[in-house]
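S.K.: Structure incoming, see below.
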Amino acid sequence: MAYWLMKSEPDEVSFDDVLAAPSKTVAWFGVRNYQARNFMRDQMKAGDGVLFYHSSCAVPGVAGVAEVASGPYPDASQFDPKSHYYDPKASEEQPRWISVDVKAVEEGSYLPLSEMRTMPELEDMVLLQKGSRLSITPVTAAQWKAVLKRMRAGG
DNA sequence: GCCAACGTTGGC
DNA sequence: GCCAACGTTGGC
């Protein structure tokens, strides 16, 4: 079982939005970076752990715990000319972009980025490396454990 | 709004 | 295949 951190702008999809969705599950769409796509396509499995991260907001940080809830499938928004995520080079026959379903599991207490930077267990986390801006990054079992411990302990 | 860092594009 | 120009990300 693998662990991931996935970034979402809460103005687009917040962790609360996922909690409120039917079956607490949403399609993760709009990834337009090959490295992040390849993680979804080649490595993600249903049941993998997901840290749901809020980016580009007042207090960026991990908002909740989720899990991968499907295998990879074509991202529908790439085919929709009206979508912000439309890709004219993608076709139904040859899709370029991938979605997976993500299911909210546990809310916990919000873990701000500023606090993550103070946690020694997270020193090597991909998210925290200089210049790192991938929207999907791997998380080690030790990092996962440290984050969950902190989120369950409360602020 | 700024800007560092990174990814993509396209001319050559 | 190189690399300059451009676009995007995302914290601050």
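Numbering starts fresh at 1 for the residues of each chain in the structure tokens, the chains themselves are lettered A, B, ... in the order given, and ligands are numbered from 1 as they appear.
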Dump as a ChimeraX atom specification the residues of chain A that approach chain C to within 10 Å, counting only C-alpha atoms (C1' of nucleotides).

M.R.: /A:55-60,113,131-135

S.K.: By how many Å are CA of Arg117 (chain A) and CA of Gly61 (chain A) apart?

M.R.: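 That distance, rounded to one decimal, is 10.5 Å.
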
S.K.: Looking at A:Arg32, A:Arg96, A:Lys82, A:Arg150, which one is nearest to Glu121 (chain A), with distances taken over only C-alpha atoms?

M.R.: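 Ranked by minimum distance to Glu121 (chain A), first place goes to A:Arg150.
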
S.K.: For a test of reading the model, state the distance in Å between CA of Tyr86 (chain A) and CA of Gly49 (chain A), rounded to one decimal.

M.R.: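 Spanning CA of Tyr86 (chain A) to CA of Gly49 (chain A) is a straight-line distance of 28.5 Å.
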
S.K.: Counting only C-alpha atoms (C1' of nucleotides), what is within 9 Å of Tyr53 (chain A), bar same-chain residues fewer than 5 positions away, as an mmCIF file with N, CA, C and O atoms, in the first residue's frame?

M.R.:
data_model
loop_
_atom_site.group_PDB
_atom_site.id
_atom_site.type_symbol
_atom_site.label_atom_id
_atom_site.label_comp_id
_atom_site.auth_asym_id
_atom_site.auth_seq_id
_atom_site.Cartn_x
_atom_site.Cartn_y
_atom_site.Cartn_z
ATOM 1 N N LEU A 5 0.345 12.556 -1.439
ATOM 2 C CA LEU A 5 -0.213 13.859 -1.083
ATOM 3 C C LEU A 5 -0.740 14.482 -2.361
ATOM 4 O O LEU A 5 -0.041 14.511 -3.379
ATOM 5 N N MET A 6 -1.996 14.911 -2.320
ATOM 6 C CA MET A 6 -2.625 15.481 -3.505
ATOM 7 C C MET A 6 -3.097 16.896 -3.194
ATOM 8 O O MET A 6 -3.787 17.133 -2.210
ATOM 9 N N LYS A 7 -2.709 17.843 -4.060
ATOM 10 C CA LYS A 7 -3.032 19.251 -3.843
ATOM 11 C C LYS A 7 -4.323 19.630 -4.545
ATOM 12 O O LYS A 7 -4.530 19.282 -5.710
ATOM 13 N N SER A 8 -5.138 20.372 -3.830
ATOM 14 C CA SER A 8 -6.339 20.926 -4.429
ATOM 15 C C SER A 8 -6.493 22.359 -3.945
ATOM 16 O O SER A 8 -6.160 22.663 -2.799
ATOM 17 N N GLU A 9 -6.950 23.216 -4.839
ATOM 18 C CA GLU A 9 -7.267 24.567 -4.384
ATOM 19 C C GLU A 9 -8.659 24.522 -3.779
ATOM 20 O O GLU A 9 -9.612 24.143 -4.444
ATOM 21 N N PRO A 10 -8.777 24.897 -2.504
ATOM 22 C CA PRO A 10 -10.083 24.773 -1.840
ATOM 23 C C PRO A 10 -11.177 25.596 -2.514
ATOM 24 O O PRO A 10 -12.356 25.267 -2.386
ATOM 25 N N SER A 14 -12.645 21.652 -2.039
ATOM 26 C CA SER A 14 -12.087 21.581 -0.687
ATOM 27 C C SER A 14 -12.338 20.200 -0.098
ATOM 28 O O SER A 14 -13.144 19.431 -0.624
ATOM 29 N N PHE A 15 -11.660 19.912 1.014
ATOM 30 C CA PHE A 15 -11.908 18.624 1.665
ATOM 31 C C PHE A 15 -13.362 18.526 2.133
ATOM 32 O O PHE A 15 -13.970 17.454 2.060
ATOM 33 N N PRO A 60 -2.218 27.363 3.612
ATOM 34 C CA PRO A 60 -2.044 26.066 2.961
ATOM 35 C C PRO A 60 -1.700 24.989 3.979
ATOM 36 O O PRO A 60 -1.047 25.263 4.987
ATOM 37 N N GLY A 61 -2.144 23.754 3.711
ATOM 38 C CA GLY A 61 -1.838 22.652 4.619
ATOM 39 C C GLY A 61 -2.696 21.435 4.336
ATOM 40 O O GLY A 61 -3.529 21.437 3.419
ATOM 41 N N VAL A 62 -2.480 20.380 5.126
ATOM 42 C CA VAL A 62 -3.248 19.147 4.958
ATOM 43 C C VAL A 62 -4.593 19.299 5.665
ATOM 44 O O VAL A 62 -4.651 19.538 6.871
ATOM 45 N N ALA A 63 -5.674 19.152 4.892
ATOM 46 C CA ALA A 63 -7.015 19.391 5.413
ATOM 47 C C ALA A 63 -7.703 18.109 5.861
ATOM 48 O O ALA A 63 -8.639 18.156 6.647
ATOM 49 N N GLY A 64 -7.246 16.967 5.350
ATOM 50 C CA GLY A 64 -7.929 15.744 5.717
ATOM 51 C C GLY A 64 -7.253 14.525 5.132
ATOM 52 O O GLY A 64 -6.313 14.628 4.338
#

S.K.: Just want the 10 Å neighbourhood of Met116 (chain A), counted on only C-alpha atoms (C1' of nucleotides), with same-chain residues fewer than 4 positions away dropped. Output as a list in words.

M.R.: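 So the residues in contact are Gly61, Val62, Leu111, Pro112, Pro120, Glu121, Leu122, Glu123, Met125, Leu127, Leu128, Ala146, Val147 and Arg150 of chain A.
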
S.K.: Only N, CA and C atoms, please: the residues just picked out, written as a compact mmCIF listing (two decimals), in the first residue's frame.

M.R.:
# COMPACT_ATOMS: atom_id res chain seq x y z
N GLY A 61 -2.14 23.75 3.71
CA GLY A 61 -1.84 22.65 4.62
C GLY A 61 -2.70 21.43 4.34
N VAL A 62 -2.48 20.38 5.13
CA VAL A 62 -3.25 19.15 4.96
C VAL A 62 -4.59 19.30 5.67
N LEU A 111 -3.55 20.67 9.44
CA LEU A 111 -2.10 20.73 9.65
C LEU A 111 -1.48 21.72 8.66
N PRO A 112 -1.21 22.94 9.13
CA PRO A 112 -0.69 23.97 8.22
C PRO A 112 0.71 23.64 7.71
N PRO A 120 10.35 17.30 12.32
CA PRO A 120 11.57 16.62 11.86
C PRO A 120 11.26 15.40 11.00
N GLU A 121 10.14 14.71 11.31
CA GLU A 121 9.81 13.49 10.55
C GLU A 121 9.48 13.82 9.09
N LEU A 122 9.16 15.09 8.82
CA LEU A 122 8.73 15.47 7.47
C LEU A 122 9.83 16.18 6.68
N GLU A 123 11.02 16.21 7.25
CA GLU A 123 12.13 16.95 6.65
C GLU A 123 12.36 16.59 5.19
N MET A 125 10.16 15.17 3.11
CA MET A 125 8.93 15.07 2.33
C MET A 125 9.09 15.82 1.00
N LEU A 127 6.96 17.26 -0.87
CA LEU A 127 6.22 18.54 -0.85
C LEU A 127 7.07 19.69 -0.34
N LEU A 128 7.92 19.40 0.64
CA LEU A 128 8.64 20.46 1.35
C LEU A 128 9.98 20.81 0.72
N ALA A 146 3.45 10.13 10.85
CA ALA A 146 3.67 11.36 11.62
C ALA A 146 2.54 12.36 11.38
N VAL A 147 2.09 12.46 10.13
CA VAL A 147 1.02 13.40 9.82
C VAL A 147 -0.29 12.96 10.49
N ARG A 150 -0.31 13.59 14.24
CA ARG A 150 -0.53 15.01 14.54
C ARG A 150 -1.99 15.41 14.27

S.K.: Work out how far CA of Gln43 (chain A) is from CA of Asp124 (chain A), in Å to one decimal.

M.R.: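 Value for the CA of Asp124 (chain A)-CA of Gln43 (chain A) distance: 20.5 Å.
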
S.K.: Per DSSP on the backbone, filter chain A down to the residues in strand (DSSP E) and report them as a PyMOL selection string.

M.R.: chain A and resi 3-8+25-28+49-54+61-68+73-74+98-106+111-112+136-139
